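Peer 1: Would you mind keeping the following structure in view while I ask a few things?
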Amino acid sequence: MRVDAHQHFWDLDRFTYAWMPGPPSRLRRNFLPRNLEPILRAHRFDGSVVVQANTLHEETRWLLDLASEHVFILGVVGWVDLTAADLPARLDEFQKHPKFKGVRHPVHDEPDPEWLLREPVIEGLRELARRGLPYDLLLQPRHLPLVPRLADRVPGLRMAIDHIAKPPIVTGRLNGWADDMARAAQVPNLWCKLSGMITEADHAHWQPSDLRPYLKHVLRVFPPDRLMFGSDWPVCLPAGTWKRVLAGFTQATSPIPTEIRNAILGENAMKFYGLEKARDAASGGL
């Protein structure tokens, strides 16, 4: 199985997205399953994991509806209010859907730099851990020192750092980020998505060589069975197409053994999100 472990859909006719750039941004239009499915098929990917783009329970319901309609959507990482009193009831509702596979919140948008360690947030994450639900960490480098502390507070929680924590690839600097990522990688329940990198590079001029130092570092500090490829489509589009994201990853990580590449390109995502049942359904799809 080849799985894009991180992509998005949005519908501007249905929801307002506070983060959305104004016109004439390429992102300011609807991106729906019919736009992604032929891309995955053309590159021999079996499916994808769609990740929240809004902080609304209604969006999570919509993404689950899309997953019901489209076999290639193997899992949904939705948004829930981790601090709400009705969190257990909300999770009960979403977990009735077999493709609800995890939760994400845009931590990097929170004014409080230590939002992740607030007691109501910790209690919400403990509820995820009790249910075996993974948590996607949408962070910036300044948040990385919180990750080992969070793991100590919620030791049973499986987590994945999205977009290698958004280091400043456009500057070529690794200082700070590299050390903090190495410390975070020592958390045994922590995984990392090799995604979102070209967005942090020079959109007009980036080359795979710009990504290589960051990818080499992550490959060095994380076991290869805790790494996942994600396109971050369509957020990637101002900097490059889905195809160029894959090519950049391939060139920047070459040479690595075939078995490791195959694991990163899908097998690890299958394990992290528990996509086995969705895999069986997708085998007759794309």
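By convention here, the chains of the structure tokens are called A, B, ... in the order presented, each chain's residues are numbered starting at 1, and ligands are numbered starting at 1 in the order presented.
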Please, which residues of segment 42-189 of chain A, numbered as in this document, come out helix (DSSP H, G or I) from DSSP, as a ChimeraX atom specification?
Peer 2: /A:42,57-69,87-95,107-109,115-117,119-131,141-143,146-153,162-165,177-184
Peer 1: Give me, as a Markdown table, each residue of segment 197-250 of chain A that comes within 12 Å of segment 45-68 of chain A, together with its shortest interatomic pair and the distance in Å at one decimal, counting only C-alpha atoms, with rows ordered by chain and rising residue number.
Peer 2:
```
| residue | atom | partner | partner_atom | distance |
| --- | --- | --- | --- | --- |
| A:Met228 | CA | A:Val49 | CA | 11.2 |
| A:Phe229 | CA | A:Ser48 | CA | 10.5 |
| A:Gly230 | CA | A:Ser48 | CA | 8.7 |
| A:Ser231 | CA | A:Ser48 | CA | 9.6 |
| A:Asp232 | CA | A:Val51 | CA | 9.1 |
| A:Trp233 | CA | A:Val50 | CA | 9.7 |
| A:Pro234 | CA | A:Ala53 | CA | 10.9 |
| A:Val235 | CA | A:Ala53 | CA | 10.0 |
| A:Trp242 | CA | A:Phe45 | CA | 11.7 |
| A:Lys243 | CA | A:Phe45 | CA | 11.5 |
| A:Leu246 | CA | A:Phe45 | CA | 11.1 |
```
Peer 1: Can you list, as a PyMOL selection string, every protein, DNA or RNA residue that comes within 8 Å of segment 253-260 of chain A when you count only C-alpha atoms, leaving out same-chain residues fewer than 5 positions away?
Peer 2: chain A and resi 212+215-216+224-225
Peer 1: Keeping only N, CA, C and O atoms, write the selected residues as a compact mmCIF listing (two decimals), in the first residue's frame.
Peer 2:
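Below is the file out-v7.txt, written as the result:
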```
# COMPACT_ATOMS: atom_id res chain seq x y z
N ARG A 212 17.14 18.44 1.67
CA ARG A 212 17.96 17.30 2.07
C ARG A 212 18.51 17.40 3.50
O ARG A 212 18.43 16.41 4.24
N LEU A 215 15.62 16.53 5.93
CA LEU A 215 15.20 15.14 5.83
C LEU A 215 16.27 14.20 6.37
O LEU A 215 15.97 13.23 7.08
N LYS A 216 17.53 14.47 6.06
CA LYS A 216 18.61 13.63 6.56
C LYS A 216 18.64 13.63 8.08
O LYS A 216 18.86 12.59 8.71
N PRO A 224 13.17 4.53 11.19
CA PRO A 224 12.44 4.68 9.92
C PRO A 224 11.00 4.18 9.97
O PRO A 224 10.19 4.59 9.14
N ASP A 225 10.68 3.33 10.95
CA ASP A 225 9.30 2.84 11.03
C ASP A 225 8.39 3.84 11.75
O ASP A 225 7.21 3.55 11.96
```
Peer 1: Report as a PyMOL selection string all protein, DNA and RNA residues lying within 10 Å of segment 91-95 of chain A, evaluated on only C-alpha atoms, omitting residues in the same chain fewer than 6 positions from it.
Peer 2: chain A and resi 57+60-61+64+78+80-82+101-103+127-128+131+133
Peer 1: May I have the residues from that selection written out with C-alpha atoms, as a PDB file, in the first residue's frame?
Peer 2:
```pdb
ATOM      1  CA  HIS A  57     -17.183  19.804  14.396  1.00  0.00           C
ATOM      2  CA  THR A  60     -15.239  16.701  10.829  1.00  0.00           C
ATOM      3  CA  ARG A  61     -18.720  15.369  10.015  1.00  0.00           C
ATOM      4  CA  LEU A  64     -16.398  11.622   7.384  1.00  0.00           C
ATOM      5  CA  GLY A  78     -10.639  15.556  12.376  1.00  0.00           C
ATOM      6  CA  VAL A  80     -12.638  18.210  18.199  1.00  0.00           C
ATOM      7  CA  ASP A  81     -12.645  20.679  21.070  1.00  0.00           C
ATOM      8  CA  LEU A  82     -10.272  18.955  23.474  1.00  0.00           C
ATOM      9  CA  LYS A 101      -8.647   7.797  12.829  1.00  0.00           C
ATOM     10  CA  GLY A 102      -7.320  10.740  14.809  1.00  0.00           C
ATOM     11  CA  VAL A 103      -7.541  14.329  16.011  1.00  0.00           C
ATOM     12  CA  GLU A 127      -9.250  10.924  26.739  1.00  0.00           C
ATOM     13  CA  LEU A 128      -7.742  10.337  23.290  1.00  0.00           C
ATOM     14  CA  ARG A 131      -9.516   5.465  23.338  1.00  0.00           C
ATOM     15  CA  LEU A 133      -6.835   7.693  19.117  1.00  0.00           C
TER      16      LEU A 133
END
```
Peer 1: For a quick check of understanding, using only C-alpha atoms, which of A:Ala239, A:Met181, A:Cys192, A:Leu12 has the smallest distance to Ala204 of chain A?
Peer 2: A:Ala239
Peer 1: Looking at A:Pro98, A:Pro167, A:Gly124, A:Gly156, which one is nearest to Met197 of chain A, with distances taken over only C-alpha atoms?
Peer 2: A:Pro167
Peer 1: When you count only C-alpha atoms, which of these residues is closest to Leu125 of chain A: A:Val147, A:Val154, A:Pro24, A:Pro141?
Peer 2: A:Val154
Peer 1: Any chance you could list, as JSON, numbers by chain, the residues in segment 39-217 of chain A that come up strand (DSSP E or B) when DSSP is run on the backbone?
Peer 2: {"A": [47, 48, 49, 50, 51, 73, 74, 75, 76, 77, 78, 100, 101, 102, 103, 104, 105, 135, 136, 137, 159, 160, 161, 190, 191, 192, 193, 194]}
Peer 1: Please save N, CA, C and O atoms of the selected residues as an mmCIF file, in the first residue's frame.
Peer 2:
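out_30.cif, freshly written:
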```cif
data_model
loop_
_atom_site.group_PDB
_atom_site.id
_atom_site.type_symbol
_atom_site.label_atom_id
_atom_site.label_comp_id
_atom_site.auth_asym_id
_atom_site.auth_seq_id
_atom_site.Cartn_x
_atom_site.Cartn_y
_atom_site.Cartn_z
ATOM 1 N N GLY A 47 -4.387 5.365 -1.623
ATOM 2 C CA GLY A 47 -5.330 6.178 -0.879
ATOM 3 C C GLY A 47 -4.625 7.248 -0.083
ATOM 4 O O GLY A 47 -3.419 7.470 -0.232
ATOM 5 N N SER A 48 -5.407 7.891 0.793
ATOM 6 C CA SER A 48 -4.868 9.022 1.541
ATOM 7 C C SER A 48 -5.551 9.138 2.892
ATOM 8 O O SER A 48 -6.599 8.525 3.150
ATOM 9 N N VAL A 49 -4.938 9.949 3.745
ATOM 10 C CA VAL A 49 -5.519 10.349 5.024
ATOM 11 C C VAL A 49 -5.814 11.845 4.919
ATOM 12 O O VAL A 49 -4.899 12.640 4.675
ATOM 13 N N VAL A 50 -7.071 12.212 5.072
ATOM 14 C CA VAL A 50 -7.456 13.619 4.996
ATOM 15 C C VAL A 50 -7.443 14.208 6.403
ATOM 16 O O VAL A 50 -7.918 13.595 7.358
ATOM 17 N N VAL A 51 -6.888 15.413 6.518
ATOM 18 C CA VAL A 51 -6.660 16.063 7.805
ATOM 19 C C VAL A 51 -7.465 17.357 7.865
ATOM 20 O O VAL A 51 -7.619 18.056 6.854
ATOM 21 N N ILE A 73 -10.285 7.477 0.354
ATOM 22 C CA ILE A 73 -10.052 8.177 1.625
ATOM 23 C C ILE A 73 -10.018 7.110 2.710
ATOM 24 O O ILE A 73 -11.046 6.576 3.121
ATOM 25 N N LEU A 74 -8.828 6.772 3.160
ATOM 26 C CA LEU A 74 -8.646 5.661 4.088
ATOM 27 C C LEU A 74 -8.874 6.058 5.535
ATOM 28 O O LEU A 74 -9.190 5.210 6.371
ATOM 29 N N GLY A 75 -8.689 7.335 5.845
ATOM 30 C CA GLY A 75 -8.860 7.783 7.218
ATOM 31 C C GLY A 75 -9.073 9.272 7.282
ATOM 32 O O GLY A 75 -8.711 10.019 6.362
ATOM 33 N N VAL A 76 -9.687 9.711 8.394
ATOM 34 C CA VAL A 76 -9.953 11.131 8.657
ATOM 35 C C VAL A 76 -9.312 11.499 9.988
ATOM 36 O O VAL A 76 -9.555 10.838 11.007
ATOM 37 N N VAL A 77 -8.478 12.535 9.961
ATOM 38 C CA VAL A 77 -7.974 13.156 11.188
ATOM 39 C C VAL A 77 -8.749 14.449 11.350
ATOM 40 O O VAL A 77 -8.512 15.429 10.637
ATOM 41 N N GLY A 78 -9.722 14.435 12.251
ATOM 42 C CA GLY A 78 -10.639 15.556 12.376
ATOM 43 C C GLY A 78 -10.309 16.461 13.548
ATOM 44 O O GLY A 78 -9.359 16.229 14.305
ATOM 45 N N PHE A 100 -12.807 7.317 11.156
ATOM 46 C CA PHE A 100 -12.325 8.366 12.067
ATOM 47 C C PHE A 100 -11.084 7.831 12.767
ATOM 48 O O PHE A 100 -11.157 6.914 13.586
ATOM 49 N N LYS A 101 -9.918 8.405 12.429
ATOM 50 C CA LYS A 101 -8.647 7.797 12.829
ATOM 51 C C LYS A 101 -7.765 8.683 13.693
ATOM 52 O O LYS A 101 -6.670 8.250 14.090
ATOM 53 N N GLY A 102 -8.175 9.896 13.990
ATOM 54 C CA GLY A 102 -7.320 10.740 14.809
ATOM 55 C C GLY A 102 -7.862 12.148 14.920
ATOM 56 O O GLY A 102 -8.897 12.498 14.340
ATOM 57 N N VAL A 103 -7.114 12.966 15.683
ATOM 58 C CA VAL A 103 -7.541 14.329 16.011
ATOM 59 C C VAL A 103 -6.368 15.270 15.776
ATOM 60 O O VAL A 103 -5.198 14.903 15.984
ATOM 61 N N ARG A 104 -6.682 16.495 15.334
ATOM 62 C CA ARG A 104 -5.655 17.525 15.229
ATOM 63 C C ARG A 104 -6.240 18.871 15.619
ATOM 64 O O ARG A 104 -7.424 19.145 15.393
ATOM 65 N N HIS A 105 -5.393 19.700 16.208
ATOM 66 C CA HIS A 105 -5.734 21.094 16.521
ATOM 67 C C HIS A 105 -4.563 21.962 16.070
ATOM 68 O O HIS A 105 -3.402 21.573 16.263
ATOM 69 N N TYR A 135 -2.919 11.582 17.904
ATOM 70 C CA TYR A 135 -3.018 13.038 17.872
ATOM 71 C C TYR A 135 -1.944 13.597 16.955
ATOM 72 O O TYR A 135 -0.758 13.320 17.132
ATOM 73 N N ASP A 136 -2.363 14.379 15.951
ATOM 74 C CA ASP A 136 -1.439 15.066 15.059
ATOM 75 C C ASP A 136 -1.042 16.401 15.681
ATOM 76 O O ASP A 136 -1.914 17.197 16.069
ATOM 77 N N LEU A 137 0.260 16.650 15.757
ATOM 78 C CA LEU A 137 0.804 17.870 16.353
ATOM 79 C C LEU A 137 1.151 18.862 15.251
ATOM 80 O O LEU A 137 2.119 18.662 14.503
ATOM 81 N N MET A 159 1.454 10.098 19.019
ATOM 82 C CA MET A 159 1.467 11.426 18.409
ATOM 83 C C MET A 159 2.285 11.408 17.126
ATOM 84 O O MET A 159 3.204 10.603 16.975
ATOM 85 N N ALA A 160 1.951 12.332 16.233
ATOM 86 C CA ALA A 160 2.729 12.526 15.006
ATOM 87 C C ALA A 160 2.970 14.013 14.823
ATOM 88 O O ALA A 160 2.022 14.811 14.835
ATOM 89 N N ILE A 161 4.231 14.388 14.669
ATOM 90 C CA ILE A 161 4.567 15.772 14.341
ATOM 91 C C ILE A 161 4.299 15.992 12.861
ATOM 92 O O ILE A 161 4.854 15.294 12.011
ATOM 93 N N LEU A 190 6.157 8.775 19.543
ATOM 94 C CA LEU A 190 6.107 9.929 18.646
ATOM 95 C C LEU A 190 6.568 9.531 17.250
ATOM 96 O O LEU A 190 7.624 8.935 17.077
ATOM 97 N N TRP A 191 5.763 9.916 16.261
ATOM 98 C CA TRP A 191 6.083 9.703 14.853
ATOM 99 C C TRP A 191 6.274 11.075 14.200
ATOM 100 O O TRP A 191 6.048 12.103 14.829
ATOM 101 N N CYS A 192 6.673 11.088 12.952
ATOM 102 C CA CYS A 192 6.908 12.359 12.259
ATOM 103 C C CYS A 192 6.490 12.233 10.802
ATOM 104 O O CYS A 192 6.804 11.235 10.141
ATOM 105 N N LYS A 193 5.794 13.257 10.312
ATOM 106 C CA LYS A 193 5.378 13.294 8.916
ATOM 107 C C LYS A 193 6.373 14.115 8.103
ATOM 108 O O LYS A 193 6.654 15.274 8.415
ATOM 109 N N LEU A 194 6.885 13.492 7.050
ATOM 110 C CA LEU A 194 7.758 14.165 6.099
ATOM 111 C C LEU A 194 6.847 14.844 5.086
ATOM 112 O O LEU A 194 6.588 14.340 3.993
#
```
